[in-house]
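Below is the file input_26.txt, which contains compact mmCIF, C-alpha atoms.
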# COMPACT_ATOMS: atom_id res chain seq x y z
CA MET K 28 14.47 -71.01 -8.64
CA ARG K 29 16.43 -74.07 -9.66
CA THR K 30 20.14 -74.50 -9.03
CA CYS K 31 22.17 -76.09 -11.84
CA THR K 32 25.90 -76.80 -11.96
CA ASP K 33 26.08 -76.75 -15.80
CA PRO K 34 25.88 -73.09 -16.97
CA SER K 35 24.79 -74.00 -20.49
CA GLN K 36 22.06 -76.30 -19.18
CA ALA K 37 20.91 -73.62 -16.74
CA LEU K 38 20.77 -71.08 -19.59
CA ARG K 39 18.72 -73.44 -21.75
CA GLY K 40 16.36 -74.08 -18.85
CA ALA K 41 16.02 -70.37 -18.13
CA THR K 42 15.34 -69.70 -21.81
CA ARG K 43 12.53 -72.27 -21.87
CA ALA K 44 11.12 -70.91 -18.61
CA LEU K 45 11.13 -67.36 -19.92
CA ARG K 46 9.28 -68.43 -23.06
CA VAL K 47 6.57 -69.80 -20.78
CA GLN K 48 6.43 -66.50 -18.85
CA PHE K 49 6.01 -64.49 -22.06
CA PHE K 50 3.26 -66.92 -23.12
CA VAL K 51 1.48 -66.44 -19.78
CA ALA K 52 1.75 -62.65 -20.01
CA GLY K 53 0.27 -62.68 -23.51
CA ALA K 54 -2.54 -65.05 -22.58
CA LEU K 55 -3.53 -62.94 -19.55
CA PHE K 56 -3.44 -59.84 -21.73
CA ALA K 57 -5.72 -61.42 -24.35
CA THR K 58 -8.07 -62.98 -21.81
CA LEU K 59 -8.90 -59.53 -20.51
CA GLY K 60 -9.03 -58.06 -24.01
CA VAL K 61 -11.60 -60.48 -25.43
CA HIS K 62 -13.87 -59.81 -22.45
CA VAL K 63 -14.21 -56.06 -22.98
CA PRO K 64 -17.70 -56.76 -24.46
CA SER K 65 -18.45 -58.92 -21.39
CA LEU K 66 -17.47 -56.06 -19.09
CA LYS K 67 -19.64 -53.70 -21.09
CA THR K 68 -22.63 -56.01 -20.72
CA HIS K 69 -22.06 -57.00 -17.08
CA TYR K 70 -21.71 -53.42 -15.84
CA ALA K 71 -24.05 -51.86 -18.47
CA LEU K 72 -21.35 -49.46 -19.68
CA GLY K 73 -20.95 -47.17 -22.67
CA GLU K 74 -17.72 -46.63 -24.59
CA GLN K 75 -16.69 -43.74 -22.36
CA ALA K 76 -17.13 -45.74 -19.14
CA ILE K 77 -15.18 -48.64 -20.66
CA ALA K 78 -12.48 -46.18 -21.68
CA ILE K 79 -12.22 -44.92 -18.09
CA ALA K 80 -11.84 -48.50 -16.83
CA LEU K 81 -9.06 -49.07 -19.34
CA LEU K 82 -7.49 -45.79 -18.27
CA ALA K 83 -7.44 -47.09 -14.68
CA SER K 84 -5.38 -50.02 -15.89
CA GLY K 85 -3.08 -47.59 -17.68
CA ALA K 86 -2.66 -45.49 -14.55
CA GLY K 87 -1.67 -48.57 -12.57
CA SER K 88 0.84 -49.52 -15.26
CA VAL K 89 2.51 -46.12 -15.46
CA GLY K 90 2.78 -45.85 -11.68
CA ALA K 91 4.38 -49.29 -11.45
CA LEU K 92 6.72 -48.62 -14.36
CA LEU K 93 8.15 -45.54 -12.67
CA GLN K 94 9.25 -47.79 -9.80
CA ALA K 95 10.21 -50.83 -11.89
CA GLY K 96 13.88 -49.86 -12.19
CA ARG K 97 14.17 -49.61 -8.41
CA VAL K 98 12.35 -52.88 -7.80
CA LEU K 99 14.46 -54.84 -10.28
CA ALA K 100 17.68 -53.24 -9.07
CA ARG K 101 16.98 -54.86 -5.70
CA HIS K 102 15.18 -58.07 -6.70
CA ALA K 103 15.94 -60.44 -9.60
CA PRO K 104 13.15 -61.16 -12.09
CA GLY K 105 12.88 -64.72 -10.78
CA ARG K 106 11.71 -63.31 -7.45
CA VAL K 107 9.43 -60.61 -8.85
CA VAL K 108 7.60 -62.66 -11.48
CA PRO K 109 5.82 -65.19 -9.19
CA LEU K 110 4.33 -62.45 -7.04
CA VAL K 111 3.08 -60.26 -9.87
CA ALA K 112 1.75 -63.29 -11.78
CA VAL K 113 -0.44 -64.14 -8.80
CA LEU K 114 -1.67 -60.54 -8.58
CA CYS K 115 -2.46 -60.46 -12.32
CA ALA K 116 -4.39 -63.73 -12.11
CA CYS K 117 -6.38 -62.62 -9.06
CA ALA K 118 -7.43 -59.41 -10.79
CA ILE K 119 -8.32 -61.10 -14.08
CA GLY K 120 -10.18 -63.97 -12.43
CA ASN K 121 -12.49 -61.65 -10.48
CA LEU K 122 -13.34 -59.01 -13.08
CA LEU K 123 -16.94 -60.16 -13.47
CA THR K 124 -17.53 -61.07 -9.83
CA PRO K 125 -18.58 -57.68 -8.39
CA ALA K 126 -21.57 -55.63 -9.46
CA ALA K 127 -20.09 -52.23 -8.60
CA TYR K 128 -18.27 -50.23 -11.27
CA GLY K 129 -15.93 -48.80 -8.61
CA VAL K 130 -14.67 -52.29 -7.76
CA LEU K 131 -13.98 -52.89 -11.44
CA LEU K 132 -11.82 -49.76 -11.50
CA VAL K 133 -9.81 -51.04 -8.51
CA LEU K 134 -9.30 -54.43 -10.14
CA MET K 135 -8.20 -52.79 -13.39
CA LEU K 136 -5.77 -50.55 -11.51
CA ALA K 137 -4.28 -53.58 -9.73
CA TYR K 138 -4.02 -55.56 -12.95
CA GLY K 139 -2.30 -52.68 -14.74
CA ALA K 140 0.33 -52.30 -12.00
CA ALA K 141 1.04 -56.03 -11.72
CA ALA K 142 1.11 -56.57 -15.49
CA ALA K 143 3.58 -53.70 -15.94
CA LEU K 144 6.02 -55.14 -13.40
CA PHE K 145 5.56 -58.60 -14.94
CA ASP K 146 6.43 -57.20 -18.36
CA VAL K 147 9.54 -55.27 -17.30
CA ALA K 148 10.79 -58.22 -15.24
CA ILE K 149 10.57 -60.72 -18.10
CA ASN K 150 12.09 -58.24 -20.56
CA ASP K 151 14.93 -57.62 -18.09
CA GLU K 152 15.58 -61.35 -17.94
CA ALA K 153 15.28 -61.60 -21.74
CA THR K 154 18.05 -59.01 -22.12
CA SER K 155 20.28 -60.99 -19.72
CA ILE K 156 19.64 -64.26 -21.56
CA GLU K 157 20.23 -62.63 -24.97
CA ARG K 158 23.55 -61.25 -23.69
CA LEU K 159 24.63 -64.59 -22.18
CA ALA K 160 23.63 -66.51 -25.31
CA GLY K 161 25.42 -64.06 -27.61
CA ARG K 162 22.68 -64.02 -30.26
CA PRO K 163 19.31 -62.33 -30.95
CA LEU K 164 16.51 -63.90 -28.91
CA MET K 165 14.22 -60.99 -27.99
CA SER K 166 11.84 -61.34 -30.94
CA GLY K 167 11.34 -65.04 -30.17
CA PHE K 168 10.45 -64.25 -26.58
CA HIS K 169 7.94 -61.66 -27.72
CA GLY K 170 6.64 -64.24 -30.19
CA MET K 171 5.61 -66.35 -27.21
CA PHE K 172 3.70 -63.33 -25.87
CA SER K 173 1.82 -63.13 -29.16
CA LEU K 174 1.26 -66.89 -29.19
CA GLY K 175 -0.18 -66.61 -25.70
CA GLY K 176 -2.46 -63.86 -26.95
CA MET K 177 -3.62 -66.00 -29.85
CA VAL K 178 -4.31 -68.98 -27.58
CA GLY K 179 -6.05 -66.83 -24.98
CA ALA K 180 -8.33 -65.23 -27.56
CA GLY K 181 -8.87 -68.47 -29.47
CA ALA K 182 -9.83 -70.32 -26.30
CA TRP K 183 -12.66 -67.92 -25.60
CA SER K 184 -13.79 -68.10 -29.24
CA ALA K 185 -14.09 -71.88 -28.91
CA LEU K 186 -15.65 -71.86 -25.44
CA ALA K 187 -18.15 -69.09 -26.18
CA ALA K 188 -19.67 -71.27 -28.90
CA THR K 189 -20.32 -74.03 -26.32
CA GLY K 190 -22.14 -71.75 -23.90
CA VAL K 191 -19.42 -71.28 -21.27
CA GLU K 192 -20.08 -68.23 -19.12
CA PRO K 193 -17.55 -65.35 -19.35
CA ALA K 194 -16.96 -65.34 -15.58
CA ALA K 195 -16.13 -69.07 -15.63
CA HIS K 196 -13.68 -68.56 -18.49
CA LEU K 197 -11.93 -65.70 -16.68
CA ALA K 198 -11.57 -67.67 -13.45
CA GLY K 199 -10.44 -70.89 -15.12
CA SER K 200 -7.92 -69.14 -17.35
CA ALA K 201 -6.45 -67.27 -14.37
CA ILE K 202 -5.92 -70.50 -12.42
CA VAL K 203 -4.25 -72.34 -15.31
CA LEU K 204 -2.00 -69.44 -16.28
CA VAL K 205 -0.77 -68.63 -12.77
CA ALA K 206 0.06 -72.30 -12.25
CA LEU K 207 2.17 -72.29 -15.44
CA SER K 208 3.97 -69.14 -14.34
CA LEU K 209 4.79 -70.45 -10.87
CA LEU K 210 6.19 -73.69 -12.29
CA ALA K 211 8.33 -71.84 -14.84
CA SER K 212 9.66 -69.43 -12.21
CA ARG K 213 11.66 -72.26 -10.64
CA ALA K 214 13.98 -72.42 -13.67
CA MET K 215 14.60 -68.69 -14.13
CA LEU K 216 18.13 -67.28 -13.83
CA ARG K 217 19.69 -66.99 -10.38
CA GLU K 218 20.99 -63.42 -10.37
CA ALA K 219 22.46 -61.39 -7.54
CA ARG K 220 20.90 -57.96 -7.13
CA ASP K 221 21.77 -55.16 -4.70
CA ALA K 222 19.25 -55.41 -1.86
CA GLY K 223 20.29 -51.94 -0.69
CA ALA K 224 19.78 -50.15 -3.99
CA GLU K 225 17.57 -47.39 -2.62
CA ARG K 226 19.33 -44.70 -4.66
CA VAL K 227 18.33 -46.04 -8.06
CA PRO K 228 16.50 -43.19 -9.84
CA LEU K 229 12.92 -43.28 -10.99
CA SER K 230 12.65 -44.88 -14.43
CA LEU K 231 12.10 -41.59 -16.26
CA PRO K 232 13.23 -41.59 -19.90
CA ARG K 233 15.69 -38.98 -21.16
CA GLY K 234 17.68 -38.44 -24.32
CA PRO K 235 17.73 -41.49 -26.59
CA LEU K 236 15.57 -43.43 -24.13
CA LEU K 237 12.78 -40.87 -24.55
CA LEU K 238 12.64 -41.25 -28.33
CA LEU K 239 12.78 -45.05 -28.08
CA GLY K 240 9.96 -44.86 -25.55
CA LEU K 241 7.81 -42.61 -27.72
CA MET K 242 8.23 -44.96 -30.67
CA ALA K 243 7.45 -47.96 -28.50
CA GLY K 244 4.36 -46.16 -27.26
CA MET K 245 3.14 -45.54 -30.79
CA GLY K 246 3.84 -49.15 -31.68
CA LEU K 247 2.06 -50.43 -28.61
CA VAL K 248 -1.03 -48.37 -29.40
CA ALA K 249 -1.70 -50.93 -32.13
CA GLU K 250 -1.46 -53.80 -29.65
CA GLY K 251 -3.71 -51.93 -27.24
CA ALA K 252 -6.23 -51.19 -29.97
CA MET K 253 -6.37 -54.84 -31.01
CA TYR K 254 -6.49 -55.94 -27.40
CA ASP K 255 -9.34 -53.71 -26.33
CA TRP K 256 -11.30 -52.82 -29.45
CA SER K 257 -10.86 -55.43 -32.21
CA VAL K 258 -13.53 -57.78 -30.86
CA LEU K 259 -15.94 -54.91 -30.18
CA TYR K 260 -15.25 -53.44 -33.65
CA LEU K 261 -16.26 -56.70 -35.30
CA ARG K 262 -19.31 -57.09 -33.07
CA GLN K 263 -20.55 -53.51 -33.04
CA GLU K 264 -19.45 -51.97 -36.36
CA LEU K 265 -19.75 -55.06 -38.57
CA GLY K 266 -22.43 -57.07 -36.71
CA THR K 267 -20.26 -60.20 -36.50
CA ARG K 268 -21.20 -63.22 -34.33
CA THR K 269 -19.45 -63.52 -30.95
CA ASP K 270 -17.43 -66.62 -31.85
CA VAL K 271 -16.18 -65.04 -35.11
CA ALA K 272 -15.57 -61.63 -33.53
CA SER K 273 -13.31 -63.24 -30.91
CA LEU K 274 -11.01 -64.24 -33.78
CA GLY K 275 -10.12 -60.58 -34.37
CA TYR K 276 -7.49 -60.50 -31.65
CA ALA K 277 -6.51 -64.11 -32.39
CA CYS K 278 -5.70 -63.24 -36.03
CA PHE K 279 -3.67 -60.24 -34.94
CA SER K 280 -1.76 -62.22 -32.29
CA GLY K 281 -1.20 -65.23 -34.56
CA ALA K 282 0.33 -63.08 -37.30
CA MET K 283 2.38 -61.17 -34.75
CA ALA K 284 3.64 -64.44 -33.27
CA ALA K 285 4.69 -65.68 -36.72
CA GLY K 286 6.50 -62.41 -37.41
CA ARG K 287 8.28 -62.55 -34.07
CA PHE K 288 9.31 -66.18 -34.27
CA GLY K 289 11.06 -65.32 -37.52
CA GLY K 290 12.12 -61.95 -36.18
CA ASP K 291 15.45 -63.01 -34.67
CA TRP K 292 16.50 -64.41 -38.06
CA VAL K 293 15.43 -61.14 -39.69
CA ARG K 294 17.15 -58.98 -37.04
CA ALA K 295 20.41 -60.80 -37.65
CA ARG K 296 20.24 -59.82 -41.34
CA VAL K 297 18.33 -56.52 -41.55
CA ALA K 298 19.42 -53.30 -39.84
CA PRO K 299 16.99 -51.72 -37.34
CA VAL K 300 16.19 -48.65 -39.47
CA PRO K 301 14.86 -50.40 -42.61
CA LEU K 302 13.18 -53.04 -40.44
CA LEU K 303 11.28 -50.41 -38.45
CA ARG K 304 10.33 -48.51 -41.61
CA ALA K 305 8.92 -51.60 -43.32
CA SER K 306 7.14 -52.65 -40.13
CA GLY K 307 5.41 -49.30 -39.66
CA LEU K 308 4.26 -49.09 -43.28
CA LEU K 309 2.89 -52.64 -43.30
CA GLY K 310 1.02 -52.01 -40.05
CA ALA K 311 -0.53 -48.82 -41.43
CA ALA K 312 -1.62 -50.59 -44.62
CA GLY K 313 -3.19 -53.45 -42.68
CA MET K 314 -5.26 -51.19 -40.44
CA ALA K 315 -6.35 -49.08 -43.42
CA MET K 316 -7.57 -52.25 -45.11
CA ALA K 317 -9.45 -53.42 -42.01
CA LEU K 318 -11.27 -50.11 -41.62
CA ALA K 319 -11.89 -49.29 -45.28
CA ILE K 320 -13.56 -52.58 -46.26
CA PRO K 321 -16.68 -53.21 -44.11
CA HIS K 322 -16.58 -57.01 -44.14
CA PRO K 323 -15.46 -59.39 -41.36
CA ALA K 324 -13.08 -61.28 -43.65
CA ALA K 325 -11.33 -58.07 -44.70
CA ALA K 326 -11.12 -56.92 -41.08
CA LEU K 327 -9.58 -60.23 -39.95
CA ALA K 328 -7.06 -60.13 -42.82
CA GLY K 329 -6.22 -56.50 -42.07
CA PHE K 330 -5.75 -57.23 -38.37
CA ALA K 331 -3.37 -60.04 -39.33
CA LEU K 332 -1.31 -57.60 -41.44
CA VAL K 333 -1.22 -55.18 -38.50
CA GLY K 334 0.14 -57.99 -36.33
CA LEU K 335 2.78 -58.93 -38.89
CA GLY K 336 3.78 -55.29 -39.39
CA PHE K 337 4.10 -54.49 -35.70
CA ALA K 338 5.71 -57.83 -34.77
CA ASN K 339 9.28 -56.62 -34.37
CA ILE K 340 8.88 -52.95 -33.46
CA VAL K 341 8.80 -53.48 -29.69
CA PRO K 342 11.49 -56.23 -29.60
CA VAL K 343 13.89 -54.02 -31.58
CA LEU K 344 13.26 -50.99 -29.37
CA PHE K 345 13.37 -52.90 -26.06
CA SER K 346 16.56 -54.68 -27.07
CA ALA K 347 18.16 -51.32 -27.88
CA ALA K 348 16.99 -49.87 -24.55
CA GLY K 349 18.54 -52.77 -22.65
CA GLN K 350 21.93 -52.36 -24.32
CA LEU K 351 22.62 -48.62 -24.04
CA PRO K 352 26.12 -48.04 -22.58
CA GLY K 353 26.21 -46.90 -18.97
CA ILE K 354 22.54 -47.71 -18.30
CA ALA K 355 21.39 -50.81 -16.43
CA ALA K 356 19.18 -53.04 -18.59
CA ALA K 357 16.30 -52.94 -16.10
CA HIS K 358 16.44 -49.14 -15.90
CA GLY K 359 16.62 -48.72 -19.69
CA ILE K 360 13.74 -51.12 -20.34
CA ALA K 361 11.65 -49.64 -17.52
CA ALA K 362 12.28 -46.10 -18.79
CA VAL K 363 11.25 -47.00 -22.33
CA SER K 364 8.35 -49.05 -21.00
CA SER K 365 7.08 -46.16 -18.87
CA VAL K 366 6.47 -44.21 -22.08
CA GLY K 367 5.74 -47.23 -24.28
CA TYR K 368 3.08 -48.69 -22.05
CA THR K 369 1.46 -45.31 -21.74
CA GLY K 370 0.62 -45.90 -25.39
CA LEU K 371 -0.53 -49.45 -24.70
CA MET K 372 -2.77 -48.50 -21.79
CA ALA K 373 -3.72 -44.87 -22.53
CA GLY K 374 -4.11 -45.34 -26.30
CA PRO K 375 -7.24 -47.53 -26.10
CA PRO K 376 -9.09 -45.10 -23.81
CA VAL K 377 -8.30 -42.30 -26.26
CA ILE K 378 -9.75 -44.47 -29.01
CA GLY K 379 -12.79 -44.99 -26.79
CA PHE K 380 -13.32 -41.24 -26.34
CA ILE K 381 -13.01 -40.71 -30.10
CA ALA K 382 -15.46 -43.56 -30.67
CA GLU K 383 -17.93 -41.95 -28.27
CA ALA K 384 -17.71 -38.66 -30.19
CA HIS K 385 -17.58 -40.08 -33.72
CA SER K 386 -17.32 -43.85 -34.31
CA LEU K 387 -15.08 -46.76 -33.42
CA THR K 388 -13.90 -46.85 -37.03
CA VAL K 389 -12.61 -43.28 -36.73
CA GLY K 390 -11.06 -44.04 -33.35
CA MET K 391 -9.08 -47.01 -34.59
CA GLY K 392 -7.72 -44.88 -37.43
CA VAL K 393 -5.26 -43.52 -34.84
CA VAL K 394 -3.26 -46.71 -35.39
CA ILE K 395 -2.62 -45.77 -39.02
CA VAL K 396 -1.19 -42.39 -38.02
CA PHE K 397 1.10 -43.79 -35.32
CA ALA K 398 2.37 -46.59 -37.56
CA ALA K 399 3.38 -44.02 -40.16
CA VAL K 400 5.16 -41.91 -37.51
CA VAL K 401 7.18 -44.95 -36.34
CA ALA K 402 8.36 -45.50 -39.91
CA ALA K 403 9.29 -41.83 -40.27
CA CYS K 404 11.27 -41.69 -36.98
CA ALA K 405 13.28 -44.88 -37.49
CA ARG K 406 16.51 -43.25 -38.70
CA ARG K 407 16.56 -40.59 -36.02
CA ALA K 408 16.05 -43.16 -33.23
CA PHE K 409 19.16 -45.08 -34.25
CA ALA K 410 21.25 -42.10 -35.37
CA ARG K 411 23.61 -42.53 -32.38
Have the structure of the file written as structure tokens, please.
Amino acid sequence: MRTCTDPSQALRGATRALRVQFFVAGALFATLGVHVPSLKTHYALGEQAIAIALLASGAGSVGALLQAGRVLARHAPGRVVPLVAVLCACAIGNLLTPAAYGVLLVLMLAYGAAAALFDVAINDEATSIERLAGRPLMSGFHGMFSLGGMVGAGAWSALAATGVEPAAHLAGSAIVLVALSLLASRAMLREARDAGAERVPLSLPRGPLLLLGLMAGMGLVAEGAMYDWSVLYLRQELGTRTDVASLGYACFSGAMAAGRFGGDWVRARVAPVPLLRASGLLGAAGMAMALAIPHPAAALAGFALVGLGFANIVPVLFSAAGQLPGIAAAHGIAAVSSVGYTGLMAGPPVIGFIAEAHSLTVGMGVVIVFAAVVAACARRAFAR
């Protein structure tokens, strides 16, 4: 990490570095997501087997999130991020290397654990930077995550049309993204943490943190659904070409990025309750449109509306979790994340099981229900 004698310059540098880290996290996330069809083909899997692989990633995430508060109480994000970025990249880059399904499950478990720690660490740092800057910044950081997702998905859409092999794309993307993360880590904040903080509790949500976590989980189901199933929905349910189908996640992420880049301006002017209500209703309408009209153009437009609707749900909830009185930011974010990312990681497998029993269209309808629940719970979440 870089030392700087000018606090304002150091804060600006740390802000730029953290934007890069959110971009990397989003691009890694999308790179795995657009290759769910590749995994299905490479390992000759059905929807249920894919769902189990995704559930392995979710199990790794939840296990890591329960320890995230302890880890970040002892080690600053600038020390945690480089390690977990390398682990994420190694897992992603090798997903199509083995032939055994059991090895895939191990890689997915490792990716889930590393990605969860990566996410909590950068959100912990985002809360610190937002506090030091004295203005809303969280939505902009999450906008970089969505931009990374759009670029990651769009890159495969472009490369698939030229005949690049999926395994080559995974390996190349992993190398480029981990290099970006390691370079950015040098400019992250220099924070003192308690190296002897063994008594920090597990990051289990209680009280207001539990409700914030449940809402985050329902919001993140939409991201998980887009991440794991949007490309397959376009390919399998609508018969769309591979290069066009890859745009499903890109449209979602692009719209989400736009909503988040403007989100800090909106958050400064609109209270959390009406913002969450409008966000949930727009997300529900977008998914309903995508599923009700069986045409690729309608699906892409609907996915974009889902992205715009869900853009600021997680930033608002994570920012609130990091600012609760008497609770360390890392513990609050990790506690909310432990429930929230259960939705992100466990939601897609649930959709997969529903798809196996009925259809992928029915499975993705879960997003509509959860979006409506987020809108309905907004007032109660911020009642205190």
Atomic distance CA of Leu93 (chain K) - CA of Thr369 (chain K), expressed in Å with one decimal: 11.3 Å
Protein/DNA/RNA residues near (-2.7, -63.9, -31.9), cut 6 Å, all atoms listed in the file, as a list in words: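 Output: Ser173, Leu174, Gly176, Met177, Tyr276, Ala277, Cys278, Phe279, Ser280 and Gly281 of chain K.
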Point-to-point distance from CA of Ala398 (chain K) to CA of Gly370 (chain K), Å rounded to tenths: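 Atom-to-atom, CA of Ala398 (chain K) to CA of Gly370 (chain K), that is 12.3 Å.
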Residue nearest Leu81 (chain K) among K:Leu308, K:Ala116, K:Leu134, K:Leu265 (counting all atoms listed in the file):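 Smallest separation from Leu81 (chain K) among the options: K:Leu134.
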Pairwise distance for CA of Val333 (chain K) and CA of Glu74 (chain K), rounded to one decimal in Å: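 According to the coordinates, CA of Val333 (chain K) and CA of Glu74 (chain K) are separated by 23.2 Å.
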Residues within 10 Å of (-9.4, -58.4, -10.7), counting all atoms listed in the file, listed as a list in words: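 Protein and nucleic acid residues near the point are Leu59, Leu114, Cys115, Ala116, Cys117, Ala118, Ile119, Gly120, Asn121, Leu122, Leu123, Thr124, Pro125, Val130, Leu131, Leu132, Val133, Leu134, Met135, Leu136, Ala137, Tyr138, Gly139, Leu197 and Ala198 of chain K.
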Residues just named, written with C-alpha atoms as a short mmCIF file (atom, residue, chain, number, x, y, z; two decimals), in the frame of the given file:
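part-v4.cif was written with the following content:
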data_model
loop_
_atom_site.label_atom_id
_atom_site.label_comp_id
_atom_site.auth_asym_id
_atom_site.auth_seq_id
_atom_site.Cartn_x
_atom_site.Cartn_y
_atom_site.Cartn_z
CA LEU K 59 -8.90 -59.53 -20.51
CA LEU K 114 -1.67 -60.54 -8.58
CA CYS K 115 -2.46 -60.46 -12.32
CA ALA K 116 -4.39 -63.73 -12.11
CA CYS K 117 -6.38 -62.62 -9.06
CA ALA K 118 -7.43 -59.41 -10.79
CA ILE K 119 -8.32 -61.10 -14.08
CA GLY K 120 -10.18 -63.97 -12.43
CA ASN K 121 -12.49 -61.65 -10.48
CA LEU K 122 -13.34 -59.01 -13.08
CA LEU K 123 -16.94 -60.16 -13.47
CA THR K 124 -17.53 -61.07 -9.83
CA PRO K 125 -18.58 -57.68 -8.39
CA VAL K 130 -14.67 -52.29 -7.76
CA LEU K 131 -13.98 -52.89 -11.44
CA LEU K 132 -11.82 -49.76 -11.50
CA VAL K 133 -9.81 -51.04 -8.51
CA LEU K 134 -9.30 -54.43 -10.14
CA MET K 135 -8.20 -52.79 -13.39
CA LEU K 136 -5.77 -50.55 -11.51
CA ALA K 137 -4.28 -53.58 -9.73
CA TYR K 138 -4.02 -55.56 -12.95
CA GLY K 139 -2.30 -52.68 -14.74
CA LEU K 197 -11.93 -65.70 -16.68
CA ALA K 198 -11.57 -67.67 -13.45
#
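Near region 106-109 of chain K, within a cut-off of 8 Å and counting all atoms listed in the file, sit the residues K:Leu99, K:His102, K:Ala103, K:Ala112, K:Val113, K:Leu144, K:Phe145, K:Ala148, K:Ile149, K:Ser208, K:Leu209, K:Ser212, with same-chain residues fewer than 3 positions away left out.
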Residues within 8 Å of Asp291 (chain K), only C-alpha atoms, excluding chain neighbours under 5 positions, as a PyMOL selection string: chain K and resi 163-167
